[in-house]
>>> print(open('my_file_25.json').read())   # JSON, C-alpha atoms (C1' of nucleotides)
[["chain", "number", "residue", "atom", "x", "y", "z"],
["A", 1089, "MET", "CA", 48.71, 4.76, -78.68],
["A", 1090, "ARG", "CA", 46.11, 2.08, -78.90],
["A", 1091, "TYR", "CA", 42.80, 1.56, -77.22],
["A", 1092, "TRP", "CA", 41.36, -1.59, -75.69],
["A", 1093, "LEU", "CA", 38.34, -3.06, -74.02],
["A", 1094, "MET", "CA", 38.96, -5.51, -71.19],
["A", 1095, "LYS", "CA", 36.24, -7.64, -69.67],
["A", 1096, "SER", "CA", 35.87, -8.64, -66.07],
["A", 1097, "GLU", "CA", 33.08, -10.49, -64.34],
["A", 1098, "PRO", "CA", 31.98, -8.57, -61.25],
["A", 1099, "SER", "CA", 31.78, -11.83, -59.33],
["A", 1100, "VAL", "CA", 35.53, -12.13, -59.89],
["A", 1101, "PHE", "CA", 36.83, -8.56, -59.96],
["A", 1102, "THR", "CA", 34.99, -5.23, -59.91],
["A", 1103, "ILE", "CA", 35.97, -1.68, -60.73],
["A", 1104, "GLU", "CA", 35.70, -0.97, -57.00],
["A", 1105, "ASP", "CA", 38.24, -3.71, -56.37],
["A", 1106, "LEU", "CA", 40.54, -1.89, -58.76],
["A", 1107, "GLU", "CA", 39.80, 1.43, -57.12],
["A", 1108, "ASN", "CA", 40.69, 0.03, -53.70],
["A", 1109, "SER", "CA", 43.92, -1.63, -54.80],
["A", 1110, "PRO", "CA", 47.29, -0.13, -53.83],
["A", 1111, "LEU", "CA", 48.16, 2.57, -56.37],
["A", 1112, "GLN", "CA", 44.89, 1.54, -58.04],
["A", 1113, "THR", "CA", 47.02, -0.88, -59.99],
["A", 1114, "VAL", "CA", 46.69, -4.63, -60.45],
["A", 1115, "LYS", "CA", 47.76, -7.55, -62.54],
["A", 1116, "TRP", "CA", 44.90, -8.16, -64.97],
["A", 1117, "ILE", "CA", 43.06, -10.02, -63.47],
["A", 1118, "PRO", "CA", 44.48, -10.54, -59.97],
["A", 1119, "THR", "CA", 42.88, -13.91, -59.22],
["A", 1120, "LYS", "CA", 42.37, -15.04, -62.76],
["A", 1121, "GLY", "CA", 44.55, -15.90, -65.71],
["A", 1122, "ILE", "CA", 43.82, -14.89, -69.28],
["A", 1123, "ARG", "CA", 43.87, -18.24, -71.07],
["A", 1124, "ASN", "CA", 43.12, -17.37, -74.63],
["A", 1125, "TYR", "CA", 45.82, -17.12, -77.25],
["A", 1126, "GLN", "CA", 44.30, -14.24, -79.14],
["A", 1127, "ALA", "CA", 43.98, -12.18, -75.98],
["A", 1128, "ARG", "CA", 47.50, -13.15, -74.97],
["A", 1129, "ASN", "CA", 48.88, -12.11, -78.32],
["A", 1130, "PHE", "CA", 47.20, -8.73, -78.06],
["A", 1131, "MET", "CA", 48.94, -8.20, -74.73],
["A", 1132, "ARG", "CA", 52.27, -9.47, -75.99],
["A", 1133, "ASP", "CA", 52.38, -7.88, -79.41],
["A", 1134, "ASP", "CA", 50.18, -4.85, -79.46],
["A", 1135, "MET", "CA", 49.90, -3.31, -76.01],
["A", 1136, "SER", "CA", 52.15, -0.40, -75.08],
["A", 1137, "LEU", "CA", 52.67, 1.48, -71.86],
["A", 1138, "GLY", "CA", 50.09, 4.21, -71.58],
["A", 1139, "ASP", "CA", 47.55, 2.57, -73.85],
["A", 1140, "LEU", "CA", 44.05, 3.21, -72.60],
["A", 1141, "ALA", "CA", 41.37, 0.61, -71.96],
["A", 1142, "PHE", "CA", 37.72, 0.47, -71.06],
["A", 1143, "PHE", "CA", 36.88, -1.60, -68.00],
["A", 1144, "TYR", "CA", 33.90, -3.67, -69.17],
["A", 1145, "GLN", "CA", 31.83, -5.67, -66.72],
["A", 1146, "SER", "CA", 30.41, -8.85, -68.21],
["A", 1147, "ASN", "CA", 28.18, -11.75, -67.26],
["A", 1148, "CYS", "CA", 26.14, -9.72, -64.80],
["A", 1149, "ASP", "CA", 22.89, -7.82, -64.46],
["A", 1150, "LYS", "CA", 24.07, -4.75, -66.28],
["A", 1151, "PRO", "CA", 26.92, -5.53, -68.64],
["A", 1152, "GLY", "CA", 28.73, -2.47, -69.91],
["A", 1153, "ILE", "CA", 31.60, -0.02, -69.59],
["A", 1154, "VAL", "CA", 32.28, 1.27, -66.08],
["A", 1155, "GLY", "CA", 35.72, 2.82, -66.19],
["A", 1156, "ILE", "CA", 38.87, 3.84, -67.96],
["A", 1157, "MET", "CA", 42.27, 2.35, -67.24],
["A", 1158, "LYS", "CA", 45.75, 2.58, -68.62],
["A", 1159, "ILE", "CA", 48.27, -0.13, -69.30],
["A", 1160, "SER", "CA", 50.96, 0.41, -66.67],
["A", 1161, "ARG", "CA", 53.17, -2.62, -67.14],
["A", 1162, "LEU", "CA", 54.01, -4.44, -70.33],
["A", 1163, "ALA", "CA", 53.23, -8.12, -70.78],
["A", 1164, "TYR", "CA", 54.98, -10.45, -68.32],
["A", 1165, "PRO", "CA", 54.44, -14.09, -67.32],
["A", 1166, "ASP", "CA", 51.26, -14.66, -65.36],
["A", 1167, "PRO", "CA", 52.46, -16.09, -62.02],
["A", 1168, "LEU", "CA", 49.30, -18.18, -61.61],
["A", 1169, "GLN", "CA", 50.39, -20.59, -64.34],
["A", 1170, "PHE", "CA", 53.29, -21.77, -62.14],
["A", 1171, "ILE", "CA", 51.33, -22.50, -58.96],
["A", 1172, "GLU", "CA", 50.74, -26.23, -58.81],
["A", 1173, "GLY", "CA", 47.21, -27.09, -57.87],
["A", 1174, "HIS", "CA", 45.96, -23.63, -58.70],
["A", 1175, "LYS", "CA", 43.00, -23.33, -60.98],
["A", 1176, "TYR", "CA", 45.16, -21.50, -63.48],
["A", 1177, "PHE", "CA", 48.17, -23.80, -63.20],
["A", 1178, "ASP", "CA", 49.37, -24.94, -66.60],
["A", 1179, "PRO", "CA", 51.59, -28.03, -66.58],
["A", 1180, "LYS", "CA", 52.64, -27.32, -70.14],
["A", 1181, "SER", "CA", 54.10, -23.99, -69.18],
["A", 1182, "SER", "CA", 57.50, -23.40, -67.60],
["A", 1183, "ILE", "CA", 59.52, -20.53, -66.18],
["A", 1184, "GLU", "CA", 61.83, -20.81, -69.19],
["A", 1185, "LYS", "CA", 58.98, -20.90, -71.68],
["A", 1186, "PRO", "CA", 55.96, -19.29, -70.07],
["A", 1187, "ARG", "CA", 52.81, -19.75, -72.05],
["A", 1188, "TRP", "CA", 50.53, -17.15, -70.47],
["A", 1189, "LEU", "CA", 51.00, -13.45, -69.92],
["A", 1190, "SER", "CA", 49.47, -10.61, -67.97],
["A", 1191, "VAL", "CA", 49.75, -6.86, -68.01],
["A", 1192, "ASN", "CA", 49.23, -4.40, -65.19],
["A", 1193, "VAL", "CA", 46.47, -1.85, -65.39],
["A", 1194, "THR", "CA", 45.96, 1.35, -63.44],
["A", 1195, "LEU", "CA", 42.61, 2.99, -62.90],
["A", 1196, "ILE", "CA", 42.24, 6.39, -64.50],
["A", 1197, "LYS", "CA", 38.64, 6.98, -63.54],
["A", 1198, "LYS", "CA", 35.35, 5.33, -62.91],
["A", 1199, "ILE", "CA", 32.59, 6.46, -65.23],
["A", 1200, "PRO", "CA", 28.81, 6.14, -65.06],
["A", 1201, "LEU", "CA", 27.77, 2.79, -66.47],
["A", 1202, "ILE", "CA", 27.31, 2.72, -70.22],
["A", 1203, "GLU", "CA", 25.21, -0.34, -70.69],
["A", 1204, "LEU", "CA", 25.70, -2.82, -73.46],
["A", 1205, "LYS", "CA", 22.23, -2.06, -74.77],
["A", 1206, "GLN", "CA", 23.15, 1.63, -74.97],
["A", 1207, "LEU", "CA", 26.28, 0.78, -76.92],
["A", 1208, "ARG", "CA", 24.17, -1.28, -79.29],
["A", 1209, "ALA", "CA", 21.90, 1.69, -79.90],
["A", 1210, "PHE", "CA", 24.65, 3.83, -81.44],
["A", 1211, "PRO", "CA", 24.96, 3.22, -85.19],
["A", 1212, "LYS", "CA", 28.54, 4.54, -84.99],
["A", 1213, "LEU", "CA", 29.49, 1.63, -82.79],
["A", 1214, "LYS", "CA", 27.86, -1.16, -84.70],
["A", 1215, "SER", "CA", 31.17, -2.62, -85.80],
["A", 1216, "MET", "CA", 32.63, -2.73, -82.30],
["A", 1217, "LEU", "CA", 34.00, -6.19, -81.61],
["A", 1218, "ILE", "CA", 32.30, -6.35, -78.23],
["A", 1219, "LEU", "CA", 28.93, -6.03, -79.96],
["A", 1220, "ARG", "CA", 29.51, -8.86, -82.37],
["A", 1221, "GLU", "CA", 27.35, -11.85, -81.70],
["A", 1222, "GLY", "CA", 29.24, -14.67, -80.16],
["A", 1223, "ASN", "CA", 32.18, -12.53, -79.19],
["A", 1224, "ARG", "CA", 33.88, -14.10, -76.22],
["A", 1225, "LEU", "CA", 37.29, -12.52, -76.35],
["A", 1226, "SER", "CA", 38.11, -10.86, -73.04],
["A", 1227, "ILE", "CA", 40.52, -8.34, -74.55],
["A", 1228, "THR", "CA", 39.62, -6.58, -77.77],
["A", 1229, "PRO", "CA", 41.05, -3.58, -79.59],
["A", 1230, "VAL", "CA", 38.89, -0.46, -79.82],
["A", 1231, "LEU", "CA", 39.19, 1.76, -82.88],
["A", 1232, "ASP", "CA", 40.23, 5.39, -82.44],
["A", 1233, "ASP", "CA", 36.84, 6.54, -83.72],
["A", 1234, "GLU", "CA", 34.98, 4.26, -81.35],
["A", 1235, "TRP", "CA", 37.05, 5.38, -78.40],
["A", 1236, "LYS", "CA", 36.55, 9.04, -79.22],
["A", 1237, "PHE", "CA", 32.83, 8.60, -79.75],
["A", 1238, "ILE", "CA", 32.34, 6.88, -76.42],
["A", 1239, "THR", "CA", 34.58, 9.17, -74.38],
["A", 1240, "ASP", "CA", 32.96, 12.22, -75.99],
["A", 1241, "ALA", "CA", 29.58, 10.84, -75.00],
["A", 1242, "ILE", "CA", 30.72, 10.68, -71.38],
["A", 1243, "ASN", "CA", 31.82, 14.30, -71.27],
["B", 1046, "DG", "C1'", 19.60, -21.54, -65.57],
["B", 1047, "DC", "C1'", 19.39, -21.79, -70.65],
["B", 1048, "DC", "C1'", 21.81, -22.26, -74.69],
["B", 1049, "DA", "C1'", 24.25, -20.49, -78.86],
["B", 1050, "DA", "C1'", 28.70, -19.60, -80.16],
["B", 1051, "DC", "C1'", 32.98, -20.22, -79.64],
["B", 1052, "DG", "C1'", 38.02, -22.25, -78.55],
["B", 1053, "DT", "C1'", 40.58, -26.30, -77.25],
["B", 1054, "DT", "C1'", 41.66, -31.07, -77.09],
["B", 1055, "DG", "C1'", 42.92, -35.41, -78.70],
["B", 1056, "DG", "C1'", 42.05, -39.67, -81.35],
["B", 1057, "DC", "C1'", 42.58, -41.02, -85.79],
["C", 1396, "DG", "C1'", 45.20, -31.93, -90.44],
["C", 1397, "DC", "C1'", 40.39, -33.21, -89.67],
["C", 1398, "DC", "C1'", 36.63, -33.02, -86.66],
["C", 1399, "DA", "C1'", 33.71, -34.73, -82.79],
["C", 1400, "DA", "C1'", 33.49, -34.08, -78.09],
["C", 1401, "DC", "C1'", 34.00, -31.19, -74.57],
["C", 1402, "DG", "C1'", 34.38, -26.99, -71.71],
["C", 1403, "DT", "C1'", 33.62, -22.07, -71.37],
["C", 1404, "DT", "C1'", 31.60, -17.62, -72.13],
["C", 1405, "DG", "C1'", 28.14, -14.37, -71.48],
["C", 1406, "DG", "C1'", 23.70, -12.19, -72.86],
["C", 1407, "DC", "C1'", 19.26, -13.04, -71.89]]
>>> encode(input="my_file_25.json", output="structure tokens")
Amino acid sequence: MRYWLMKSEPSVFTIEDLENSPLQTVKWIPTKGIRNYQARNFMRDDMSLGDLAFFYQSNCDKPGIVGIMKISRLAYPDPLQFIEGHKYFDPKSSIEKPRWLSVNVTLIKKIPLIELKQLRAFPKLKSMLILREGNRLSITPVLDDEWKFITDAIN
DNA sequence: GCCAACGTTGGC
DNA sequence: GCCAACGTTGGC
């Protein structure tokens, strides 16, 4: 079992949107395609059913962790890449050789916001990828120790 | 809205 | 395969 951190901009998709979705399950992210090879490769190569992930809200007033999700469907082609005219249409992709993938996630629970600046304050977390300057990757692995430390802090 | 830090693109 | 130009991300 692996752990992940997945970013979403609240202007695009919020934890409440996830909460209000049927079965509290969505394609990540419903209206947006992940268009970064590193993030795609994580989904394709390293994610397993039942892996857990932090829902991280980014590019907003209070960036931070707001929930816990699980991976509920393994990587599959992102349908948005095939919709001509769509923002996430990719002419270089095809049904036979899809370039971009998604996974489904299911909400486990919302948690009280743990702000980015709080995360930064914990020496134990100083190597977290999300805290690295210039980090832009929307899906990053979380180490077992980091996951345990954060989830322990919640409880 | 600024801007640093990235990833991608494409000409060569 | 280099690298400048460009677009995007995301904290502030």
>>> residues_around(input="my_file_25.json", residues="Ser1226 in chain A", least_positions_apart="6", cutoff="10 Å", atoms="all atoms listed in the file", output="ChimeraX atom specification")
/A:1093-1096,1122-1124,1126-1128,1144,1146,1218 /C:1404
>>> write_last_selection(input="my_file_25.json", atoms="C-alpha atoms (C1' of nucleotides)", output="mmCIF file, keeping the file's coordinate frame")
data_model
loop_
_atom_site.group_PDB
_atom_site.id
_atom_site.type_symbol
_atom_site.label_atom_id
_atom_site.label_comp_id
_atom_site.auth_asym_id
_atom_site.auth_seq_id
_atom_site.Cartn_x
_atom_site.Cartn_y
_atom_site.Cartn_z
ATOM 1 C CA LEU A 1093 38.340 -3.060 -74.020
ATOM 2 C CA MET A 1094 38.960 -5.510 -71.190
ATOM 3 C CA LYS A 1095 36.240 -7.640 -69.670
ATOM 4 C CA SER A 1096 35.870 -8.640 -66.070
ATOM 5 C CA ILE A 1122 43.820 -14.890 -69.280
ATOM 6 C CA ARG A 1123 43.870 -18.240 -71.070
ATOM 7 C CA ASN A 1124 43.120 -17.370 -74.630
ATOM 8 C CA GLN A 1126 44.300 -14.240 -79.140
ATOM 9 C CA ALA A 1127 43.980 -12.180 -75.980
ATOM 10 C CA ARG A 1128 47.500 -13.150 -74.970
ATOM 11 C CA TYR A 1144 33.900 -3.670 -69.170
ATOM 12 C CA SER A 1146 30.410 -8.850 -68.210
ATOM 13 C CA ILE A 1218 32.300 -6.350 -78.230
ATOM 14 C "C1'" DT C 1404 31.600 -17.620 -72.130
#
>>> closest_residue(input="my_file_25.json", among="A:Asp1166, A:Ser1181, A:Tyr1125, A:Phe1142", to="chain B", atoms="only C-alpha atoms (C1' of nucleotides)")
A:Tyr1125
>>> closest_atom_pairs(input="my_file_25.json", of="chain B", to="chain A", cutoff="10 Å", atoms="only C-alpha atoms (C1' of nucleotides)", output="CSV")
residue,atom,partner,partner_atom,distance
B:DA1049,C1',A:Gly1222,CA,7.8
B:DA1050,C1',A:Gly1222,CA,5.0
B:DC1051,C1',A:Gly1222,CA,6.7
B:DG1052,C1',A:Asn1124,CA,8.1
B:DT1053,C1',A:Asn1124,CA,9.6
>>> write_last_selection(input="my_file_25.json", atoms="C-alpha atoms (C1' of nucleotides)", output="short mmCIF file (atom, residue, chain, number, x, y, z; two decimals), in the coordinates of the input")
data_model
loop_
_atom_site.label_atom_id
_atom_site.label_comp_id
_atom_site.auth_asym_id
_atom_site.auth_seq_id
_atom_site.Cartn_x
_atom_site.Cartn_y
_atom_site.Cartn_z
"C1'" DA B 1049 24.25 -20.49 -78.86
"C1'" DA B 1050 28.70 -19.60 -80.16
"C1'" DC B 1051 32.98 -20.22 -79.64
"C1'" DG B 1052 38.02 -22.25 -78.55
"C1'" DT B 1053 40.58 -26.30 -77.25
#
>>> closest_residue(input="my_file_25.json", among="A:Pro1151, A:Pro1211, A:Gly1173, A:Pro1110", to="DC1407 in chain C", atoms="all atoms listed in the file")
A:Pro1151
>>> atom_distance(input="my_file_25.json", atom1="CA of Leu1231 in chain A", atom2="CA of Asn1108 in chain A")
29.3 Å
>>> atom_distance(input="my_file_25.json", atom1="CA of Gly1138 in chain A", atom2="CA of Ile1196 in chain A")
10.8 Å
>>> atom_distance(input="my_file_25.json", atom1="CA of Asn1192 in chain A", atom2="CA of Tyr1091 in chain A")
14.9 Å
>>> residues_around(input="my_file_25.json", residues="Lys1185 in chain A", least_positions_apart="5", cutoff="12 Å", atoms="all atoms listed in the file", output="PDB file with C-alpha atoms, in the frame of the given file")
ATOM      1  CA  TYR A1164      54.980 -10.450 -68.320  1.00  0.00           C
ATOM      2  CA  PRO A1165      54.440 -14.090 -67.320  1.00  0.00           C
ATOM      3  CA  ASP A1166      51.260 -14.660 -65.360  1.00  0.00           C
ATOM      4  CA  GLN A1169      50.390 -20.590 -64.340  1.00  0.00           C
ATOM      5  CA  PHE A1170      53.290 -21.770 -62.140  1.00  0.00           C
ATOM      6  CA  ASP A1178      49.370 -24.940 -66.600  1.00  0.00           C
ATOM      7  CA  PRO A1179      51.590 -28.030 -66.580  1.00  0.00           C
ATOM      8  CA  LYS A1180      52.640 -27.320 -70.140  1.00  0.00           C
TER       9      LYS A1180
END
>>> residues_around(input="my_file_25.json", residues="range 1152-1163 of chain A", least_positions_apart="5", cutoff="6 Å", atoms="all atoms listed in the file", output="list in words")
Met1131, Arg1132, Leu1137, Gly1138, Asp1139, Leu1140, Ala1141, Phe1142, Phe1143, Tyr1144, Gln1145, Leu1189, Ser1190, Val1191, Asn1192, Val1193, Thr1194, Leu1195, Ile1196, Lys1197, Lys1198, Ile1199, Leu1201, Ile1202, Glu1203 and Leu1204 of chain A
>>> build_atoms(input="my_file_25.json", residues="range 1173-1203 of chain A", atoms="N, CA and C atoms", output="PDB file, in the frame of the given file")
ATOM      1  N   GLY A1173      48.470 -26.924 -58.573  1.00  0.00           N
ATOM      2  CA  GLY A1173      47.210 -27.090 -57.870  1.00  0.00           C
ATOM      3  C   GLY A1173      46.272 -25.910 -58.033  1.00  0.00           C
ATOM      4  N   HIS A1174      46.799 -24.804 -58.480  1.00  0.00           N
ATOM      5  CA  HIS A1174      45.960 -23.630 -58.700  1.00  0.00           C
ATOM      6  C   HIS A1174      45.077 -23.845 -59.915  1.00  0.00           C
ATOM      7  N   LYS A1175      43.933 -23.206 -59.870  1.00  0.00           N
ATOM      8  CA  LYS A1175      43.000 -23.330 -60.980  1.00  0.00           C
ATOM      9  C   LYS A1175      43.641 -22.940 -62.317  1.00  0.00           C
ATOM     10  N   TYR A1176      44.556 -21.988 -62.252  1.00  0.00           N
ATOM     11  CA  TYR A1176      45.160 -21.500 -63.480  1.00  0.00           C
ATOM     12  C   TYR A1176      46.566 -22.037 -63.722  1.00  0.00           C
ATOM     13  N   PHE A1177      46.913 -23.094 -62.957  1.00  0.00           N
ATOM     14  CA  PHE A1177      48.170 -23.800 -63.200  1.00  0.00           C
ATOM     15  C   PHE A1177      48.140 -24.435 -64.582  1.00  0.00           C
ATOM     16  N   ASP A1178      49.264 -24.317 -65.285  1.00  0.00           N
ATOM     17  CA  ASP A1178      49.370 -24.940 -66.600  1.00  0.00           C
ATOM     18  C   ASP A1178      50.619 -25.815 -66.650  1.00  0.00           C
ATOM     19  N   PRO A1179      50.435 -27.126 -66.614  1.00  0.00           N
ATOM     20  CA  PRO A1179      51.590 -28.030 -66.580  1.00  0.00           C
ATOM     21  C   PRO A1179      52.446 -27.949 -67.848  1.00  0.00           C
ATOM     22  N   LYS A1180      51.870 -27.420 -68.903  1.00  0.00           N
ATOM     23  CA  LYS A1180      52.640 -27.320 -70.140  1.00  0.00           C
ATOM     24  C   LYS A1180      53.463 -26.047 -70.217  1.00  0.00           C
ATOM     25  N   SER A1181      53.328 -25.219 -69.217  1.00  0.00           N
ATOM     26  CA  SER A1181      54.100 -23.990 -69.180  1.00  0.00           C
ATOM     27  C   SER A1181      55.309 -24.178 -68.271  1.00  0.00           C
ATOM     28  N   SER A1182      56.313 -23.340 -68.459  1.00  0.00           N
ATOM     29  CA  SER A1182      57.500 -23.400 -67.600  1.00  0.00           C
ATOM     30  C   SER A1182      58.054 -21.998 -67.431  1.00  0.00           C
ATOM     31  N   ILE A1183      58.899 -21.833 -66.398  1.00  0.00           N
ATOM     32  CA  ILE A1183      59.520 -20.530 -66.180  1.00  0.00           C
ATOM     33  C   ILE A1183      60.308 -20.108 -67.421  1.00  0.00           C
ATOM     34  N   GLU A1184      60.996 -21.105 -68.020  1.00  0.00           N
ATOM     35  CA  GLU A1184      61.830 -20.810 -69.190  1.00  0.00           C
ATOM     36  C   GLU A1184      60.975 -20.445 -70.406  1.00  0.00           C
ATOM     37  N   LYS A1185      59.878 -21.178 -70.543  1.00  0.00           N
ATOM     38  CA  LYS A1185      58.980 -20.900 -71.680  1.00  0.00           C
ATOM     39  C   LYS A1185      57.562 -20.705 -71.175  1.00  0.00           C
ATOM     40  N   PRO A1186      57.315 -19.556 -70.580  1.00  0.00           N
ATOM     41  CA  PRO A1186      55.960 -19.290 -70.070  1.00  0.00           C
ATOM     42  C   PRO A1186      54.969 -19.190 -71.228  1.00  0.00           C
ATOM     43  N   ARG A1187      53.797 -19.742 -70.985  1.00  0.00           N
ATOM     44  CA  ARG A1187      52.810 -19.750 -72.050  1.00  0.00           C
ATOM     45  C   ARG A1187      51.853 -18.569 -71.943  1.00  0.00           C
ATOM     46  N   TRP A1188      51.586 -18.151 -70.692  1.00  0.00           N
ATOM     47  CA  TRP A1188      50.530 -17.150 -70.470  1.00  0.00           C
ATOM     48  C   TRP A1188      51.088 -15.860 -69.886  1.00  0.00           C
ATOM     49  N   LEU A1189      50.511 -14.765 -70.310  1.00  0.00           N
ATOM     50  CA  LEU A1189      51.000 -13.450 -69.920  1.00  0.00           C
ATOM     51  C   LEU A1189      49.916 -12.610 -69.274  1.00  0.00           C
ATOM     52  N   SER A1190      50.375 -11.608 -68.537  1.00  0.00           N
ATOM     53  CA  SER A1190      49.470 -10.610 -67.970  1.00  0.00           C
ATOM     54  C   SER A1190      50.054  -9.231 -68.258  1.00  0.00           C
ATOM     55  N   VAL A1191      49.250  -8.235 -68.060  1.00  0.00           N
ATOM     56  CA  VAL A1191      49.750  -6.860 -68.010  1.00  0.00           C
ATOM     57  C   VAL A1191      49.222  -6.252 -66.707  1.00  0.00           C
ATOM     58  N   ASN A1192      49.824  -5.148 -66.293  1.00  0.00           N
ATOM     59  CA  ASN A1192      49.230  -4.400 -65.190  1.00  0.00           C
ATOM     60  C   ASN A1192      48.391  -3.264 -65.741  1.00  0.00           C
ATOM     61  N   VAL A1193      47.322  -2.982 -65.020  1.00  0.00           N
ATOM     62  CA  VAL A1193      46.470  -1.850 -65.390  1.00  0.00           C
ATOM     63  C   VAL A1193      46.329  -0.926 -64.188  1.00  0.00           C
ATOM     64  N   THR A1194      46.156   0.346 -64.474  1.00  0.00           N
ATOM     65  CA  THR A1194      45.960   1.350 -63.440  1.00  0.00           C
ATOM     66  C   THR A1194      44.680   2.110 -63.742  1.00  0.00           C
ATOM     67  N   LEU A1195      43.871   2.274 -62.713  1.00  0.00           N
ATOM     68  CA  LEU A1195      42.610   2.990 -62.900  1.00  0.00           C
ATOM     69  C   LEU A1195      42.879   4.456 -63.240  1.00  0.00           C
ATOM     70  N   ILE A1196      42.209   4.949 -64.239  1.00  0.00           N
ATOM     71  CA  ILE A1196      42.240   6.390 -64.500  1.00  0.00           C
ATOM     72  C   ILE A1196      41.013   7.024 -63.869  1.00  0.00           C
ATOM     73  N   LYS A1197      39.845   6.497 -64.217  1.00  0.00           N
ATOM     74  CA  LYS A1197      38.640   6.980 -63.540  1.00  0.00           C
ATOM     75  C   LYS A1197      37.477   6.021 -63.733  1.00  0.00           C
ATOM     76  N   LYS A1198      36.624   6.011 -62.733  1.00  0.00           N
ATOM     77  CA  LYS A1198      35.350   5.330 -62.910  1.00  0.00           C
ATOM     78  C   LYS A1198      34.456   6.252 -63.732  1.00  0.00           C
ATOM     79  N   ILE A1199      33.556   5.651 -64.490  1.00  0.00           N
ATOM     80  CA  ILE A1199      32.590   6.460 -65.230  1.00  0.00           C
ATOM     81  C   ILE A1199      31.195   5.886 -64.990  1.00  0.00           C
ATOM     82  N   PRO A1200      30.167   6.688 -65.184  1.00  0.00           N
ATOM     83  CA  PRO A1200      28.810   6.140 -65.060  1.00  0.00           C
ATOM     84  C   PRO A1200      28.625   5.012 -66.064  1.00  0.00           C
ATOM     85  N   LEU A1201      27.972   3.969 -65.618  1.00  0.00           N
ATOM     86  CA  LEU A1201      27.770   2.790 -66.470  1.00  0.00           C
ATOM     87  C   LEU A1201      27.204   3.157 -67.838  1.00  0.00           C
ATOM     88  N   ILE A1202      27.893   2.690 -68.873  1.00  0.00           N
ATOM     89  CA  ILE A1202      27.310   2.720 -70.220  1.00  0.00           C
ATOM     90  C   ILE A1202      26.937   1.293 -70.546  1.00  0.00           C
ATOM     91  N   GLU A1203      25.660   1.036 -70.533  1.00  0.00           N
ATOM     92  CA  GLU A1203      25.210  -0.340 -70.690  1.00  0.00           C
ATOM     93  C   GLU A1203      25.418  -0.860 -72.104  1.00  0.00           C
TER      94      GLU A1203
END
